[in-house]
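Q: See work.txt below, with compact mmCIF, C-alpha atoms.
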# COMPACT_ATOMS: atom_id res chain seq x y z
CA MET A 1 -63.26 18.62 -254.89
CA LYS A 2 -63.41 15.62 -252.62
CA SER A 3 -66.01 15.13 -249.91
CA ASN A 4 -64.86 14.83 -246.29
CA LYS A 5 -67.92 12.82 -245.18
CA GLY A 6 -65.97 9.60 -244.90
CA GLN A 7 -63.26 11.20 -242.80
CA ALA A 8 -65.80 12.69 -240.39
CA LEU A 9 -67.46 9.29 -240.00
CA VAL A 10 -64.14 7.61 -239.18
CA GLU A 11 -63.27 10.30 -236.63
CA PHE A 12 -66.71 9.96 -235.03
CA VAL A 13 -66.35 6.18 -234.77
CA MET A 14 -62.93 6.62 -233.13
CA VAL A 15 -64.16 9.19 -230.59
CA LEU A 16 -67.52 7.54 -229.76
CA PRO A 17 -66.14 4.84 -227.36
CA VAL A 18 -64.24 7.46 -225.38
CA LEU A 19 -67.33 9.64 -225.08
CA LEU A 20 -69.43 6.67 -223.96
CA ILE A 21 -66.88 5.74 -221.29
CA ILE A 22 -66.85 9.31 -220.00
CA ILE A 23 -70.66 9.40 -219.86
CA MET A 24 -70.82 6.03 -218.05
CA TYR A 25 -68.19 7.25 -215.57
CA ILE A 26 -70.24 10.39 -214.86
CA VAL A 27 -73.40 8.33 -214.34
CA ASP A 28 -71.65 5.87 -212.01
CA SER A 29 -69.90 8.63 -210.05
CA SER A 30 -73.22 10.38 -209.55
CA LYS A 31 -74.90 7.14 -208.41
CA ILE A 32 -72.08 6.47 -205.93
CA ALA A 33 -72.26 10.02 -204.52
CA VAL A 34 -76.04 9.84 -204.07
CA LEU A 35 -75.82 6.36 -202.53
CA ARG A 36 -73.14 7.49 -200.06
CA TYR A 37 -75.31 10.48 -199.09
CA LYS A 38 -78.32 8.22 -198.52
CA LEU A 39 -76.18 5.76 -196.57
CA GLU A 40 -74.95 8.54 -194.28
CA ASN A 41 -78.56 9.59 -193.66
CA ASP A 42 -79.46 5.96 -192.95
CA MET A 43 -76.52 5.77 -190.54
CA ASP A 44 -77.88 8.76 -188.61
CA VAL A 45 -81.26 7.04 -188.22
CA ILE A 46 -79.65 3.71 -187.28
CA VAL A 47 -77.37 5.29 -184.67
CA ASN A 48 -80.32 7.12 -183.10
CA LEU A 49 -82.38 3.93 -182.99
CA TYR A 50 -79.42 1.96 -181.57
CA SER A 51 -78.70 4.64 -178.95
CA ASN A 52 -82.34 4.68 -177.85
CA LYS A 53 -82.37 0.85 -177.79
CA ASN A 54 -85.28 0.59 -180.25
CA ASN A 55 -84.22 -2.81 -181.59
CA SER A 56 -87.51 -3.72 -183.23
CA GLU A 57 -87.66 -0.40 -185.12
CA LEU A 58 -83.98 -0.76 -186.01
CA ASP A 59 -84.53 -4.24 -187.47
CA SER A 60 -87.56 -3.15 -189.48
CA TYR A 61 -85.73 -0.05 -190.79
CA VAL A 62 -82.74 -2.12 -191.90
CA LEU A 63 -84.92 -4.74 -193.60
CA SER A 64 -87.18 -2.25 -195.35
CA ASN A 65 -84.25 -0.27 -196.78
CA GLY A 66 -82.12 -3.21 -197.94
CA ILE A 67 -79.20 -2.38 -195.65
CA ASP A 68 -76.60 -4.86 -194.43
CA ILE A 69 -75.52 -4.04 -190.88
CA SER A 70 -72.77 -5.32 -188.59
CA TYR A 71 -71.72 -4.44 -185.06
CA ALA A 72 -68.30 -4.73 -183.43
CA LYS A 73 -68.25 -4.13 -179.69
CA ASN A 74 -64.99 -3.35 -177.91
CA GLY A 75 -65.58 -2.51 -174.26
CA SER A 76 -67.70 0.63 -174.19
CA MET A 77 -67.10 1.32 -177.90
CA THR A 78 -69.44 -0.03 -180.56
CA SER A 79 -68.63 0.26 -184.25
CA ILE A 80 -71.61 0.08 -186.58
CA THR A 81 -70.96 -0.64 -190.24
CA ILE A 82 -73.73 -0.46 -192.80
CA SER A 83 -73.55 -1.23 -196.49
CA ARG A 84 -75.83 -1.42 -199.47
CA GLN A 85 -75.57 -3.36 -202.73
CA THR A 86 -75.08 -1.27 -205.88
CA ASN A 87 -74.99 -1.87 -209.61
CA TYR A 88 -72.65 -0.06 -211.94
CA VAL A 89 -73.18 0.97 -215.55
CA MET A 90 -69.50 0.96 -216.47
CA PRO A 91 -67.97 -2.43 -217.26
CA LEU A 92 -65.36 -3.80 -214.81
CA LEU A 93 -66.09 -1.10 -212.23
CA ARG A 94 -67.58 -3.72 -209.88
CA GLU A 95 -64.25 -5.58 -209.87
CA ILE A 96 -62.37 -2.37 -209.06
CA LEU A 97 -64.68 -0.85 -206.42
CA GLY A 98 -66.58 -3.89 -205.20
CA SER A 99 -70.33 -4.41 -205.26
CA LYS A 100 -71.16 -2.67 -201.96
CA ILE A 101 -70.93 0.88 -200.70
CA SER A 102 -70.42 1.09 -196.94
CA THR A 103 -69.94 3.52 -194.09
CA GLU A 104 -68.89 3.06 -190.47
CA ARG A 105 -69.49 4.96 -187.26
CA THR A 106 -68.18 4.36 -183.75
CA ILE A 107 -70.32 4.98 -180.69
CA TYR A 108 -69.01 5.44 -177.16
CA GLU A 109 -71.55 4.21 -174.65
CA THR A 110 -71.21 5.60 -171.13
CA LEU A 111 -72.28 3.60 -168.13
CA GLU A 112 -75.84 4.10 -166.89
CA SER A 113 -74.51 5.17 -163.47
CA ASP A 114 -72.25 7.87 -165.00
CA VAL A 115 -74.47 9.61 -167.51
CA ASN A 116 -77.49 8.39 -169.40
CA GLU A 117 -76.30 9.25 -172.92
CA THR A 118 -74.40 7.89 -175.89
CA GLN A 119 -71.61 9.82 -177.56
CA ILE A 120 -71.11 9.43 -181.29
CA ILE A 121 -67.58 9.50 -182.68
CA THR A 122 -67.35 9.98 -186.41
If you took the structure in this file and wrote it as structure tokens, what would it be?

A:
Amino acid sequence: MKSNKGQALVEFVMVLPVLLIIIMYIVDSSKIAVLRYKLENDMDVIVNLYSNKNNSELDSYVLSNGIDISYAKNGSMTSITISRQTNYVMPLLREILGSKISTERTIYETLESDVNETQIIT
């Protein structure tokens, strides 16, 4: 009787790269999901600080958490976009998805004479 050890080794070597790619995809997908969740929480804090006009606290929060922030003002609407750098485990994923994860929120600012509040549009 012949031994099938060599055949099992060849099959393992053929399947191993596919298994590694699947594991790396799972790890990267999990990292992206957690990072998006954290970024949404950061956005809540940033919008509250922006709405309350706490610019010094806003700047220190952004710097301490490694967040890139940009504002686009259009009349009474302000769009805030935040992003954070990320590293991927899977090769070539950075070229496909880019190196930053970002989220955006639009704020409608009412006039001080109308109502003293800021509405958040998601």

Q: Excluding Asp28 (chain A) and its own-chain neighbours fewer than 4 positions away, which residues fall within 8 Å of it when counting all atoms listed in the file? Please give them as an NGL selection string.

A: :A and (24 or 32 or 88-90)

Q: Can you pull out every residue within 10 Å of Leu93 (chain A), counting all atoms listed in the file, but drop anything in the same chain fewer than 6 positions away, and send it as an MDAnalysis selection string?

A: chainID A and resid 25 28 87 99

Q: If you measure from CA of Val34 (chain A) to CA of Thr103 (chain A), what distance in Å do you get, rounded to one decimal?

A: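 Calculated distance between CA of Val34 (chain A) and CA of Thr103 (chain A) is 13.3 Å.
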
Q: Kindly indicate which residue among A:Asn54, A:Thr106, A:Asn65, A:Ser60 lies nearest to Ser79 (chain A), using all atoms listed in the file for the distances.

A: A:Thr106

Q: When you draw a straight line from CA of Asn52 (chain A) to CA of Met77 (chain A), how long is it in Å?

A: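 According to the coordinates, CA of Asn52 (chain A) and CA of Met77 (chain A) are separated by 15.6 Å.
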
Q: Ranking A:Met43, A:Met14, A:Ile67, A:Leu20 by minimum distance to Ile80 (chain A) and counting all atoms listed in the file, which one comes first?

A: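 Going through A:Met43, A:Met14, A:Ile67, A:Leu20 one by one, the smallest distance to Ile80 (chain A) is for A:Met43.
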
Q: Do you have the CA of Arg84 (chain A)-CA of Gly66 (chain A) distance handy?

A: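 Pair CA of Arg84 (chain A) / CA of Gly66 (chain A) returns 6.7 Å.
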
Q: Take every atom of region 44-62 of chain A listed in the file, pad by 6 Å on each side, and give me the axis-aligned box centre and edge lengths in Å, one decimal, as JSON.

A:
{"center_x": -82.5, "center_y": 2.3, "center_z": -184.8, "size_x": 22.3, "size_y": 25.0, "size_z": 26.1}

Q: In terms of the shortest atom-to-atom distance over only C-alpha atoms, which of A:Tyr71, A:Leu39, A:Ile46, A:Leu63 is closest to Lys100 (chain A)?

A: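 Among the listed residues, the smallest separation from Lys100 (chain A) belongs to A:Leu39.
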
Q: Identify which of the residues A:Leu9, A:Ile82, A:Val47, A:Val62 lies closest to Ile107 (chain A), counting all atoms listed in the file when measuring atom-to-atom distances.

A: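 Of all the options, A:Val47 lies closest to Ile107 (chain A).
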